[in-house]
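Chemist: Next comes the structure file upload11.tsv, holding TSV, C-alpha atoms.
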```
chain	number	residue	atom	x	y	z
O	88	MET	CA	170.21	163.21	35.36
O	89	LYS	CA	172.78	165.35	37.17
O	90	THR	CA	170.07	167.90	37.91
O	91	LEU	CA	167.82	165.20	39.32
O	92	ARG	CA	170.58	163.77	41.52
O	93	LEU	CA	171.48	167.24	42.78
O	94	SER	CA	167.82	167.70	43.69
O	95	PHE	CA	167.87	164.38	45.55
O	96	LEU	CA	170.97	165.47	47.45
O	97	ALA	CA	169.32	168.78	48.31
O	98	GLY	CA	166.28	166.92	49.65
O	99	LEU	CA	168.46	164.66	51.80
O	100	GLY	CA	170.31	167.73	53.07
O	101	PHE	CA	167.04	169.28	54.07
O	102	ILE	CA	166.14	166.11	56.02
O	103	ALA	CA	169.39	166.51	57.93
O	104	ALA	CA	168.51	170.14	58.62
O	105	VAL	CA	165.12	169.11	60.01
O	106	ALA	CA	166.82	166.58	62.30
O	107	ALA	CA	169.17	169.31	63.46
O	108	VAL	CA	166.21	171.53	64.34
O	109	SER	CA	164.69	168.71	66.40
O	110	CYS	CA	167.93	168.67	68.44
O	111	ARG	CA	167.55	172.43	69.16
O	112	LYS	CA	170.05	173.55	66.53
O	113	ALA	CA	169.59	176.37	64.07
O	114	PRO	CA	167.67	175.37	60.90
O	115	ALA	CA	169.60	174.88	57.68
O	116	PRO	CA	169.28	177.60	55.02
O	117	PRO	CA	166.87	176.88	52.12
O	118	PRO	CA	168.28	175.56	48.80
O	119	PRO	CA	169.69	178.24	46.55
O	120	ALA	CA	167.11	177.39	43.89
O	121	GLU	CA	164.43	179.10	45.97
O	122	PRO	CA	165.16	182.63	47.16
O	123	PRO	CA	164.69	183.07	50.90
O	124	PRO	CA	161.74	185.19	52.06
O	125	PRO	CA	162.46	188.80	52.94
O	126	ALA	CA	163.91	189.22	56.41
O	127	GLN	CA	161.56	190.52	59.04
O	128	PRO	CA	162.60	192.30	62.20
O	129	ALA	CA	162.72	189.70	64.99
O	130	ALA	CA	161.25	190.61	68.33
O	131	ALA	CA	163.46	190.18	71.31
O	132	PRO	CA	162.47	187.18	73.43
O	133	PRO	CA	160.91	187.68	76.86
O	134	SER	CA	163.18	187.70	79.84
O	135	ALA	CA	161.98	184.22	80.80
O	136	PHE	CA	163.52	182.85	77.56
O	137	ARG	CA	167.07	183.68	78.56
O	138	PRO	CA	169.10	184.18	81.70
O	139	ALA	CA	169.66	187.73	82.74
O	140	ALA	CA	173.05	189.34	82.39
O	141	PRO	CA	175.01	189.90	85.61
O	142	SER	CA	173.97	193.54	85.68
O	143	GLU	CA	170.31	192.56	85.12
O	144	ALA	CA	170.12	189.71	87.62
O	145	SER	CA	167.10	189.90	89.87
O	146	SER	CA	165.51	187.76	92.52
O	147	PRO	CA	162.93	185.15	91.50
O	148	SER	CA	160.25	187.02	93.42
O	149	ASP	CA	160.61	190.18	91.32
O	150	GLU	CA	157.31	190.04	89.45
O	151	GLY	CA	157.86	193.38	87.75
O	152	ALA	CA	160.88	192.16	85.81
O	153	LEU	CA	158.73	190.20	83.36
O	154	ASP	CA	156.43	193.17	82.78
O	155	ALA	CA	159.38	195.45	82.14
O	156	ALA	CA	160.91	192.95	79.72
O	157	ALA	CA	157.58	192.49	77.98
O	158	GLU	CA	157.21	196.22	77.43
O	159	THR	CA	160.55	196.37	75.63
O	160	GLY	CA	160.52	192.88	74.07
O	161	GLY	CA	157.95	193.35	71.31
O	162	GLU	CA	154.63	191.65	70.60
O	163	GLY	CA	156.01	188.15	71.14
O	164	ALA	CA	157.16	188.98	74.66
O	165	LEU	CA	153.86	190.69	75.49
O	166	GLN	CA	151.92	187.66	74.26
O	167	PHE	CA	154.05	185.32	76.33
O	168	ALA	CA	153.62	187.56	79.39
O	169	ARG	CA	149.85	187.37	79.04
O	170	GLU	CA	149.92	183.59	78.63
O	171	LEU	CA	152.26	183.22	81.60
O	172	ALA	CA	149.88	185.25	83.77
O	173	ARG	CA	147.06	182.86	82.84
O	174	ILE	CA	149.23	179.83	83.64
O	175	LEU	CA	150.21	181.23	87.03
O	176	VAL	CA	146.53	181.69	87.88
O	177	HIS	CA	145.52	178.21	86.71
O	178	TYR	CA	148.53	176.09	87.78
O	179	PRO	CA	147.10	173.69	90.45
O	180	GLU	CA	150.27	173.28	92.51
O	181	LEU	CA	150.70	177.05	92.72
O	182	ARG	CA	147.10	177.45	93.92
O	183	ALA	CA	147.84	174.87	96.60
O	184	GLN	CA	150.93	176.85	97.63
O	185	HIS	CA	148.77	179.99	97.93
O	186	ALA	CA	146.47	178.09	100.29
O	187	ARG	CA	149.46	176.93	102.35
O	188	VAL	CA	150.63	180.52	102.72
O	189	GLU	CA	147.17	181.53	103.93
O	190	GLU	CA	147.26	178.64	106.40
O	191	ALA	CA	150.68	179.75	107.68
O	192	LEU	CA	149.41	183.31	108.12
O	193	ALA	CA	146.45	182.03	110.11
O	194	ALA	CA	148.76	179.88	112.26
O	195	GLN	CA	150.95	182.91	112.96
O	196	SER	CA	147.90	184.95	114.00
O	197	MET	CA	146.81	182.19	116.36
O	198	ALA	CA	150.29	181.99	117.89
O	199	VAL	CA	150.51	185.76	118.47
O	200	ALA	CA	147.05	185.69	120.08
O	201	GLY	CA	148.60	183.80	122.99
O	202	PHE	CA	150.03	187.10	124.27
O	203	LEU	CA	146.55	188.66	124.59
O	204	PRO	CA	144.06	188.23	127.43
O	205	SER	CA	140.99	186.08	126.93
O	206	LEU	CA	137.41	187.03	127.83
O	207	ARG	CA	134.84	184.27	128.18
O	208	LEU	CA	131.07	184.42	128.74
O	209	GLN	CA	129.51	181.52	130.61
O	210	MET	CA	125.75	180.99	131.02
O	211	GLY	CA	123.87	178.04	132.46
O	212	TRP	CA	120.75	176.77	134.14
O	213	GLU	CA	120.23	173.98	136.66
O	214	ARG	CA	117.46	172.60	138.83
O	215	THR	CA	118.23	170.34	141.77
O	216	ASP	CA	116.84	169.05	145.07
O	217	ARG	CA	120.21	168.14	146.55
O	218	PRO	CA	120.43	169.74	149.98
O	219	VAL	CA	123.86	171.24	149.34
O	220	GLY	CA	122.85	172.46	145.89
O	221	VAL	CA	119.65	174.08	147.09
O	222	PHE	CA	121.47	175.69	150.02
O	223	MET	CA	124.20	177.13	147.72
O	224	ASN	CA	121.64	178.36	145.17
O	225	LYS	CA	119.75	180.28	147.88
O	226	LEU	CA	122.96	181.84	149.13
O	227	GLU	CA	124.13	182.85	145.64
O	228	GLN	CA	120.68	184.24	144.77
O	229	ARG	CA	120.67	186.28	148.02
O	230	SER	CA	117.30	184.74	148.94
O	231	PHE	CA	118.15	182.90	152.18
O	232	GLN	CA	115.66	183.23	155.05
O	233	SER	CA	115.74	182.21	158.72
O	234	ARG	CA	113.23	179.38	158.25
O	235	ASP	CA	115.60	177.75	155.78
O	236	PHE	CA	117.68	176.65	158.79
O	237	GLU	CA	114.96	174.30	159.96
O	238	VAL	CA	116.23	170.75	160.07
O	239	GLU	CA	113.40	169.38	157.94
O	240	ARG	CA	113.93	172.02	155.23
O	241	LEU	CA	117.68	171.44	155.29
O	242	ASN	CA	117.33	167.66	154.98
O	243	HIS	CA	114.47	167.59	152.50
O	244	PRO	CA	114.46	170.83	150.52
O	245	ALA	CA	112.17	171.48	147.58
O	246	ALA	CA	113.76	171.50	144.14
O	247	ARG	CA	115.12	174.88	143.17
O	248	SER	CA	116.24	176.42	139.85
O	249	ASP	CA	119.26	178.63	139.26
O	250	PHE	CA	120.15	180.74	136.25
O	251	ARG	CA	123.82	181.73	136.18
O	252	GLY	CA	125.74	184.15	133.97
O	253	ALA	CA	129.43	185.00	134.34
O	254	LEU	CA	132.23	186.87	132.60
O	255	ARG	CA	135.79	185.59	133.09
O	256	LEU	CA	138.90	187.57	132.10
O	257	GLU	CA	142.22	185.72	132.11
O	258	PHE	CA	145.64	187.22	131.39
O	259	PRO	CA	148.70	184.97	130.96
O	260	LEU	CA	151.82	186.16	132.77
O	261	PHE	CA	154.06	183.18	132.05
O	262	ASP	CA	153.15	180.13	129.96
O	263	ALA	CA	156.45	178.22	129.96
O	264	PHE	CA	157.63	180.03	126.82
O	265	GLN	CA	154.90	178.28	124.81
O	266	THR	CA	153.58	181.42	123.11
O	267	ILE	CA	157.05	182.80	122.35
O	268	ALA	CA	158.19	179.50	120.84
O	269	ALA	CA	154.91	179.03	118.95
O	270	THR	CA	155.22	182.51	117.46
O	271	ARG	CA	158.79	181.82	116.40
O	272	THR	CA	157.78	178.48	114.87
O	273	ALA	CA	154.88	180.08	113.00
O	274	GLY	CA	157.19	182.76	111.62
O	275	TYR	CA	159.61	180.17	110.26
O	276	ALA	CA	156.72	178.15	108.84
O	277	LEU	CA	155.41	181.26	107.08
O	278	LYS	CA	158.83	181.94	105.56
O	279	SER	CA	158.98	178.34	104.37
O	280	ALA	CA	155.49	178.52	102.84
O	281	ARG	CA	156.29	181.75	101.00
O	282	ALA	CA	159.56	180.31	99.69
O	283	ARG	CA	157.73	177.22	98.46
O	284	GLU	CA	155.19	179.50	96.79
O	285	ARG	CA	158.00	181.31	94.96
O	286	HIS	CA	159.47	177.94	93.98
O	287	GLY	CA	156.09	176.85	92.63
O	288	ARG	CA	155.83	180.09	90.65
O	289	ALA	CA	159.29	179.51	89.17
O	290	GLU	CA	158.37	175.91	88.35
O	291	ALA	CA	155.20	176.99	86.58
O	292	ALA	CA	157.11	179.66	84.64
O	293	LEU	CA	159.75	177.11	83.63
O	294	LEU	CA	157.11	174.70	82.36
O	295	ALA	CA	155.42	177.56	80.50
O	296	VAL	CA	158.67	178.62	78.80
O	297	GLU	CA	159.54	175.05	77.88
O	298	SER	CA	156.13	174.26	76.43
O	299	TRP	CA	156.06	177.62	74.62
O	300	LEU	CA	159.42	176.92	72.98
O	301	GLN	CA	158.41	173.33	72.19
O	302	ALA	CA	155.23	174.55	70.51
O	303	GLY	CA	157.14	177.13	68.46
O	304	ARG	CA	159.81	174.61	67.45
O	305	ALA	CA	157.14	172.08	66.47
O	306	ASP	CA	155.46	174.69	64.24
O	307	ARG	CA	158.75	175.50	62.52
O	308	VAL	CA	159.65	171.83	62.06
O	309	GLU	CA	156.25	171.09	60.53
O	310	THR	CA	156.58	174.04	58.13
O	311	MET	CA	160.06	172.94	57.04
O	312	VAL	CA	158.95	169.33	56.56
O	313	ARG	CA	155.98	170.40	54.43
O	314	GLU	CA	158.23	172.51	52.22
O	315	SER	CA	160.69	169.63	51.89
O	316	LEU	CA	157.89	167.20	51.10
O	317	ALA	CA	156.57	169.52	48.39
O	318	ARG	CA	160.01	169.60	46.75
O	319	ALA	CA	160.33	165.81	47.07
O	320	ARG	CA	156.99	165.33	45.37
O	321	ARG	CA	158.03	167.65	42.54
O	322	ASP	CA	161.26	165.65	42.16
O	323	LEU	CA	159.28	162.43	42.16
O	324	ALA	CA	156.96	163.72	39.45
O	325	GLU	CA	159.98	164.80	37.38
O	326	ALA	CA	161.66	161.42	37.90
O	327	GLU	CA	158.49	159.61	36.84
O	328	SER	CA	158.28	161.74	33.69
O	329	LEU	CA	161.93	161.09	32.85
O	330	ARG	CA	161.51	157.38	33.56
O	331	ALA	CA	158.57	157.25	31.16
O	332	GLN	CA	160.82	158.82	28.50
O	333	GLY	CA	163.58	156.35	29.31
O	334	LEU	CA	166.01	159.09	30.39
O	335	VAL	CA	166.63	157.82	33.94
O	336	LEU	CA	167.20	154.43	35.45
O	337	GLY	CA	164.68	152.69	37.65
O	338	ALA	CA	167.03	152.98	40.63
O	339	ASP	CA	166.89	156.78	40.44
O	340	TYR	CA	163.10	156.71	40.30
O	341	TYR	CA	162.79	154.42	43.31
O	342	SER	CA	165.28	156.53	45.22
O	343	ALA	CA	163.00	159.49	44.68
O	344	ARG	CA	160.03	157.47	45.92
O	345	VAL	CA	161.96	156.46	49.05
O	346	ALA	CA	162.87	160.11	49.73
O	347	ALA	CA	159.25	161.20	49.31
O	348	ALA	CA	158.02	158.42	51.62
O	349	ALA	CA	160.58	159.40	54.26
O	350	MET	CA	159.37	162.97	54.05
O	351	GLU	CA	155.76	161.88	54.46
O	352	GLN	CA	156.66	159.84	57.53
O	353	ARG	CA	158.56	162.78	58.93
O	354	LEU	CA	155.51	165.00	58.30
O	355	HIS	CA	153.26	162.67	60.30
O	356	GLU	CA	155.77	162.78	63.17
O	357	ALA	CA	155.97	166.58	62.99
O	358	VAL	CA	152.16	166.95	63.02
O	359	ALA	CA	151.91	164.66	66.05
O	360	ALA	CA	154.71	166.53	67.85
O	361	ARG	CA	153.05	169.85	67.11
O	362	ALA	CA	149.69	168.64	68.46
O	363	ALA	CA	151.33	167.26	71.60
O	364	ALA	CA	153.30	170.45	72.27
O	365	ARG	CA	150.24	172.66	71.83
O	366	ALA	CA	148.15	170.34	74.00
O	367	VAL	CA	150.65	170.66	76.85
O	368	PHE	CA	150.64	174.45	76.63
O	369	ASN	CA	146.82	174.53	76.49
O	370	VAL	CA	146.55	172.31	79.57
O	371	LEU	CA	148.96	174.57	81.46
O	372	ARG	CA	146.86	177.66	80.70
O	373	GLY	CA	143.59	175.91	81.55
O	374	GLU	CA	142.22	175.54	78.02
O	375	SER	CA	141.05	172.55	76.01
O	376	PRO	CA	144.00	170.55	74.55
O	377	GLU	CA	142.67	171.28	71.05
O	378	ALA	CA	142.35	175.06	71.56
O	379	ALA	CA	144.11	177.16	68.92
O	380	PHE	CA	146.59	179.93	69.70
O	381	ALA	CA	149.01	181.91	67.55
O	382	LEU	CA	152.75	181.97	68.09
O	383	PRO	CA	154.94	184.93	67.11
O	384	PRO	CA	157.97	184.39	64.87
O	385	SER	CA	161.02	183.40	66.91
O	386	PRO	CA	164.33	185.24	66.65
O	387	ALA	CA	167.18	183.60	64.81
O	388	THR	CA	169.55	183.96	67.75
O	389	VAL	CA	168.96	184.06	71.49
O	390	PRO	CA	171.27	186.15	73.67
O	391	PHE	CA	173.05	184.09	76.29
O	392	ASP	CA	175.00	185.10	79.35
O	393	PRO	CA	178.52	183.71	78.88
O	394	ARG	CA	179.38	183.51	82.58
O	395	PRO	CA	181.41	180.60	83.96
O	396	VAL	CA	179.52	177.56	85.18
O	397	LYS	CA	180.79	178.16	88.71
O	398	GLU	CA	179.02	181.53	88.87
O	399	TRP	CA	175.81	179.94	87.59
O	400	LEU	CA	175.97	177.31	90.34
O	401	GLU	CA	176.66	179.92	93.01
O	402	ASP	CA	173.68	182.01	91.87
O	403	ALA	CA	171.48	178.91	91.80
O	404	ALA	CA	172.48	177.94	95.34
O	405	ARG	CA	171.93	181.48	96.58
O	406	ASN	CA	168.56	182.05	94.87
O	407	ARG	CA	166.95	178.61	95.18
O	408	ALA	CA	163.57	179.12	96.76
O	409	ASP	CA	163.17	175.44	97.65
O	410	LEU	CA	166.45	175.50	99.60
O	411	ARG	CA	165.34	178.60	101.52
O	412	ALA	CA	162.06	176.86	102.28
O	413	ALA	CA	163.95	173.83	103.59
O	414	ARG	CA	166.13	176.02	105.83
O	415	SER	CA	163.07	177.73	107.29
O	416	ALA	CA	161.43	174.35	107.87
O	417	VAL	CA	164.51	173.22	109.83
O	418	ASP	CA	164.38	176.39	111.94
O	419	ALA	CA	160.68	175.87	112.61
O	420	GLN	CA	161.21	172.28	113.78
O	421	ARG	CA	164.16	173.30	115.95
O	422	SER	CA	161.95	175.91	117.65
O	423	GLU	CA	159.26	173.27	118.10
O	424	VAL	CA	161.70	170.94	119.89
O	425	GLY	CA	162.48	173.73	122.39
O	426	ARG	CA	158.79	174.39	122.90
O	427	MET	CA	158.08	170.74	123.68
O	428	LYS	CA	160.93	170.60	126.20
O	429	ALA	CA	159.72	173.75	127.98
O	430	ARG	CA	156.27	172.31	128.70
O	431	VAL	CA	157.52	170.95	132.02
O	432	LEU	CA	157.61	174.51	133.40
O	433	PRO	CA	154.61	175.98	135.28
O	434	ASP	CA	152.01	178.39	133.90
O	435	LEU	CA	151.11	181.58	135.76
O	436	SER	CA	148.08	183.70	134.92
O	437	LEU	CA	145.80	186.34	136.48
O	438	PHE	CA	142.02	186.10	136.33
O	439	ALA	CA	138.91	188.05	137.24
O	440	GLU	CA	135.35	186.72	137.15
O	441	GLY	CA	131.97	188.30	137.78
O	442	ALA	CA	128.78	186.20	138.10
O	443	ASP	CA	125.07	186.73	138.58
O	444	HIS	CA	122.55	184.16	139.96
O	445	THR	CA	118.76	184.28	139.88
O	446	ARG	CA	115.80	181.96	140.28
O	447	ALA	CA	113.02	183.62	138.31
O	448	PHE	CA	114.65	186.90	137.22
O	449	GLU	CA	112.94	188.71	140.10
O	450	GLN	CA	115.63	188.55	142.76
O	451	HIS	CA	119.27	187.93	142.01
O	452	GLY	CA	122.67	187.92	143.60
O	453	SER	CA	126.01	189.06	142.11
O	454	ASP	CA	129.55	188.18	143.06
O	455	TYR	CA	133.11	188.53	141.75
O	456	THR	CA	136.39	186.69	142.11
O	457	VAL	CA	139.93	187.88	141.33
O	458	GLY	CA	143.20	186.08	141.81
O	459	ALA	CA	146.20	184.34	140.33
O	460	GLN	CA	146.61	180.69	139.45
O	461	VAL	CA	149.56	178.41	138.74
O	462	ARG	CA	149.26	175.21	136.74
O	463	MET	CA	152.03	172.65	136.48
O	464	ASP	CA	152.11	169.03	135.36
O	465	LEU	CA	153.88	167.09	138.09
O	466	PHE	CA	153.72	163.90	136.05
O	467	ASP	CA	153.06	163.94	132.31
O	468	PRO	CA	153.67	160.49	130.76
O	469	ALA	CA	153.36	161.88	127.22
O	470	HIS	CA	156.05	164.55	127.63
O	471	GLY	CA	158.95	162.35	126.53
O	472	GLY	CA	157.05	161.13	123.50
O	473	ARG	CA	156.25	164.67	122.39
O	474	VAL	CA	159.91	165.68	122.65
O	475	ARG	CA	161.09	162.62	120.71
O	476	ALA	CA	158.48	163.18	118.00
O	477	ALA	CA	159.57	166.81	117.60
O	478	ALA	CA	163.24	165.74	117.45
O	479	ALA	CA	162.37	163.16	114.77
O	480	ARG	CA	160.60	165.81	112.69
O	481	LEU	CA	163.67	168.04	113.05
O	482	LYS	CA	165.88	165.21	111.80
O	483	GLN	CA	163.60	164.70	108.79
O	484	ALA	CA	163.73	168.42	107.94
O	485	GLU	CA	167.54	168.42	108.21
O	486	GLU	CA	167.84	165.38	105.94
O	487	ALA	CA	165.49	167.01	103.41
O	488	GLU	CA	167.67	170.13	103.38
O	489	ALA	CA	170.82	168.01	102.98
O	490	ALA	CA	169.23	166.18	100.03
O	491	LEU	CA	168.51	169.50	98.31
O	492	ARG	CA	172.06	170.67	98.90
O	493	ASP	CA	173.45	167.50	97.35
```
Will you turn the file into structure tokens for me?

Modeler:
Amino acid sequence: MKTLRLSFLAGLGFIAAVAAVSCRKAPAPPPPAEPPPPAQPAAAPPSAFRPAAPSEASSPSDEGALDAAAETGGEGALQFARELARILVHYPELRAQHARVEEALAAQSMAVAGFLPSLRLQMGWERTDRPVGVFMNKLEQRSFQSRDFEVERLNHPAARSDFRGALRLEFPLFDAFQTIAATRTAGYALKSARARERHGRAEAALLAVESWLQAGRADRVETMVRESLARARRDLAEAESLRAQGLVLGADYYSARVAAAAMEQRLHEAVAARAAARAVFNVLRGESPEAAFALPPSPATVPFDPRPVKEWLEDAARNRADLRAARSAVDAQRSEVGRMKARVLPDLSLFAEGADHTRAFEQHGSDYTVGAQVRMDLFDPAHGGRVRAAAARLKQAEEAEAALRD
């Protein structure tokens, strides 16, 4: 009976060990009755599993750090590196961030294009019997004759066609600082988009590490529960045999049944947790939730950087990609406010235009025009609204940055 009770106590101790594992503690050692399996060399975890030491600290955008760690971290680290690469390709939010970066690059190109001259081709055809129109068409086509000055022909001309082609070159000299401010705004927006992309990459990597560890822990918990359930069933069979011989009391037998039932319930929970953890990891890497994948054995201990919490917080504040993105967004909106205010200033540009007119492609006339032009809005009722809207967007960006800082 003492042996049976000791076995019951060992089973209950193993239940406590399983609960400790579910709280991310180290698993309890197996009972002394069963020798532990031979120790195997544990592969070092990938760099994403643990924070880097102060001498190894690198920026979040250093993509080569994971490859270097994988090369020296064993098969487990290499497998995780491959899975992480798949997740980074499939993660939807990260793909959206890539598209936003491309959009910001295109916006920057459009802003810089404001410094360059523009060349426009214009072609058209018209047919009219308006006296002024017919008169101008004959002049532009270089086909005017002396009889065209007759009063009857001037008052009632026959309809006339005109084909016109022109090239216009325009070069901006001063555009009220619109191009300079737009280029500055686009640069800040590009910095913000790239920082958000790095933040999305870090978020995807964090989810990958968490789901990877959850899947590995669920596998280990299920294995431990199955071993414990096997021992509980052996104890139950022994208790039933002793009860049939009258060597144990009924209370001991029913205690064994309760322990076995608890283990079976715990096994069902472990199987469900394992399926859920693997489903999450499969969804992250773009596979079916039921897809199978192998996990390497985890090390018994994980190296940890024992720096003070204050240093961790300082590094987090300095390296946070979302905070850098918020700062760049504030700078972009501040530049946009200045651009809106400067729209009251005049625009100055040079232009040159060459045109050709013909009636039936037999006789034609050519002309050119060069000059400078100034454009200025003397009254723009929407100007104040544009400035207030830009100031409101700046206030929103500043509040978003303050919320991240808090």

Chemist: Which of these, O:Ala338, O:Met223, O:Ala348, O:Ala291, has the shortest distance to Arg320 in chain O once you count all atoms listed in the file?

Modeler: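 That would be O:Ala348, the residue with the smallest distance to Arg320 in chain O.
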
Chemist: Can you pull out the residues contacting Arg214 in chain O? Cut-off 9 Å, using all atoms listed in the file, and skip same-chain residues under 5 positions away; I want them as a list in words.

Modeler: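 Once the nearby chain positions are removed, what remains is Gly220, Val221, Ala246, Arg247, Ser248, Asp249 and Phe250 of chain O.
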
Chemist: Report, in Å to a single decimal, how far apart CA of Leu208 in chain O and CA of Glu449 in chain O are.

Modeler: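 These atoms are spaced 21.8 Å apart.
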
Chemist: Using all atoms listed in the file, can you tell me which of O:Phe368, O:Phe438, O:Phe258, O:Phe466 comes closest to Phe202 in chain O?

Modeler: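 Of the candidates, the smallest distance to Phe202 in chain O is held by O:Phe258.
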
Chemist: Neighbouring residues of range 431-435 of chain O were defined as those with any atom within 6 Å, considering all atoms listed in the file; residues of the same chain fewer than 4 positions away were excluded. Please report them as number ranges by chain.

Modeler: O: 260-263, 460-463

Chemist: So what do you get for CA of Ala487 in chain O versus CA of Leu294 in chain O, distance-wise?

Modeler: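 Calculated distance between CA of Ala487 in chain O and CA of Leu294 in chain O is 23.9 Å.
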
Chemist: Which residue, O:Gln483, O:Gln228, O:Gln166, O:Gln184, has the smallest gap to Gly252 in chain O when you use only C-alpha atoms?

Modeler: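 Distance minimum relative to Gly252 in chain O lands on O:Gln228.
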
Chemist: Just to confirm, what's the straight-line distance from CA of Glu351 in chain O to CA of Arg321 in chain O in Å (one decimal)?

Modeler: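 We find that CA of Glu351 in chain O and CA of Arg321 in chain O lie 13.4 Å from each other.
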
Chemist: Counting all atoms listed in the file, which residue out of O:Glu227, O:Glu327, O:Glu423, O:Asp418 sits closest to Val474 in chain O?

Modeler: O:Glu423

Chemist: Mind running range 215-279 of chain O against range 406-416 of chain O at 10 Å and telling me each contacting residue's nearest atom pair with the distance in Å (one decimal), counting all atoms listed in the file, chain and number ascending, as CSV?

Modeler:
```
residue,atom,partner,partner_atom,distance
O:Thr272,CA,O:Ala416,CA,8.9
O:Gly274,CA,O:Ser415,CA,8.9
O:Tyr275,CA,O:Ser415,CA,5.2
O:Ala276,CA,O:Ala416,CA,6.1
O:Leu277,CA,O:Ser415,CA,8.4
O:Lys278,CA,O:Ser415,CA,6.2
O:Ser279,CA,O:Ala412,CA,4.0
```

Chemist: Output C-alpha atoms of each residue in that selection to a file, as a short mmCIF file (atom, residue, chain, number, x, y, z; two decimals), in the frame of the given file.

Modeler:
```
data_model
loop_
_atom_site.label_atom_id
_atom_site.label_comp_id
_atom_site.auth_asym_id
_atom_site.auth_seq_id
_atom_site.Cartn_x
_atom_site.Cartn_y
_atom_site.Cartn_z
CA THR O 272 157.78 178.48 114.87
CA GLY O 274 157.19 182.76 111.62
CA TYR O 275 159.61 180.17 110.26
CA ALA O 276 156.72 178.15 108.84
CA LEU O 277 155.41 181.26 107.08
CA LYS O 278 158.83 181.94 105.56
CA SER O 279 158.98 178.34 104.37
#
```

Chemist: Pull the neighbourhood of (149.0, 175.3, 75.4) for me: all residues within 10 Å in file coordinates, counting all atoms listed in the file, as a list in words.

Modeler: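 Residues found, by chain and rising number: Glu170, Ile174, Ala295, Ser298, Trp299, Ala302, Ala362, Ala363, Ala364, Arg365, Ala366, Val367, Phe368, Asn369, Val370, Leu371, Arg372, Gly373, Glu374, Ser375, Pro376, Glu377, Ala378, Ala379 and Phe380 of chain O.
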
Chemist: Which is closest to Gln420 in chain O among O:Ala326, O:Ala469, O:Ala186, O:Ala477, if we use only C-alpha atoms?

Modeler: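 Answer, going by the shortest atom-to-atom distance: O:Ala477.
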
Chemist: Excluding Arg207 in chain O and residues on its chain fewer than 3 positions from it, collect all residues at most 12 Å away from it, counting all atoms listed in the file, and give them as a list in words.

Modeler: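 After dropping sequence-adjacent residues, the list is Pro204, Met210, Gly252, Ala253, Leu254, Arg255, Leu256, Glu257, Phe258, Phe438, Ala439, Glu440, Gly441 and Ala442 of chain O.
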
Chemist: Output requested as a PDB file, in the frame of the given file - range 288-300 of chain O, filled out with N, CA and C atoms.

Modeler:
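Result file out08.pdb:
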```pdb
ATOM      1  N   ARG O 288     155.983 179.118  91.733  1.00  0.00           N
ATOM      2  CA  ARG O 288     155.830 180.090  90.650  1.00  0.00           C
ATOM      3  C   ARG O 288     156.947 179.927  89.616  1.00  0.00           C
ATOM      4  N   ALA O 289     158.175 179.718  90.099  1.00  0.00           N
ATOM      5  CA  ALA O 289     159.290 179.510  89.170  1.00  0.00           C
ATOM      6  C   ALA O 289     159.111 178.220  88.380  1.00  0.00           C
ATOM      7  N   GLU O 290     158.608 177.180  89.044  1.00  0.00           N
ATOM      8  CA  GLU O 290     158.370 175.910  88.350  1.00  0.00           C
ATOM      9  C   GLU O 290     157.319 176.067  87.268  1.00  0.00           C
ATOM     10  N   ALA O 291     156.240 176.767  87.583  1.00  0.00           N
ATOM     11  CA  ALA O 291     155.200 176.990  86.580  1.00  0.00           C
ATOM     12  C   ALA O 291     155.734 177.816  85.411  1.00  0.00           C
ATOM     13  N   ALA O 292     156.541 178.843  85.718  1.00  0.00           N
ATOM     14  CA  ALA O 292     157.110 179.660  84.640  1.00  0.00           C
ATOM     15  C   ALA O 292     158.060 178.838  83.777  1.00  0.00           C
ATOM     16  N   LEU O 293     158.838 177.956  84.404  1.00  0.00           N
ATOM     17  CA  LEU O 293     159.750 177.110  83.630  1.00  0.00           C
ATOM     18  C   LEU O 293     158.987 176.175  82.706  1.00  0.00           C
ATOM     19  N   LEU O 294     157.923 175.563  83.209  1.00  0.00           N
ATOM     20  CA  LEU O 294     157.110 174.700  82.360  1.00  0.00           C
ATOM     21  C   LEU O 294     156.467 175.500  81.227  1.00  0.00           C
ATOM     22  N   ALA O 295     156.031 176.726  81.536  1.00  0.00           N
ATOM     23  CA  ALA O 295     155.420 177.560  80.500  1.00  0.00           C
ATOM     24  C   ALA O 295     156.418 177.900  79.412  1.00  0.00           C
ATOM     25  N   VAL O 296     157.648 178.286  79.796  1.00  0.00           N
ATOM     26  CA  VAL O 296     158.670 178.620  78.800  1.00  0.00           C
ATOM     27  C   VAL O 296     159.005 177.400  77.955  1.00  0.00           C
ATOM     28  N   GLU O 297     159.167 176.260  78.630  1.00  0.00           N
ATOM     29  CA  GLU O 297     159.540 175.050  77.880  1.00  0.00           C
ATOM     30  C   GLU O 297     158.466 174.648  76.890  1.00  0.00           C
ATOM     31  N   SER O 298     157.200 174.648  77.346  1.00  0.00           N
ATOM     32  CA  SER O 298     156.130 174.260  76.430  1.00  0.00           C
ATOM     33  C   SER O 298     155.936 175.284  75.325  1.00  0.00           C
ATOM     34  N   TRP O 299     156.148 176.570  75.643  1.00  0.00           N
ATOM     35  CA  TRP O 299     156.060 177.620  74.620  1.00  0.00           C
ATOM     36  C   TRP O 299     157.119 177.409  73.542  1.00  0.00           C
ATOM     37  N   LEU O 300     158.345 177.148  73.954  1.00  0.00           N
ATOM     38  CA  LEU O 300     159.420 176.920  72.980  1.00  0.00           C
ATOM     39  C   LEU O 300     159.179 175.628  72.201  1.00  0.00           C
TER      40      LEU O 300
END
```
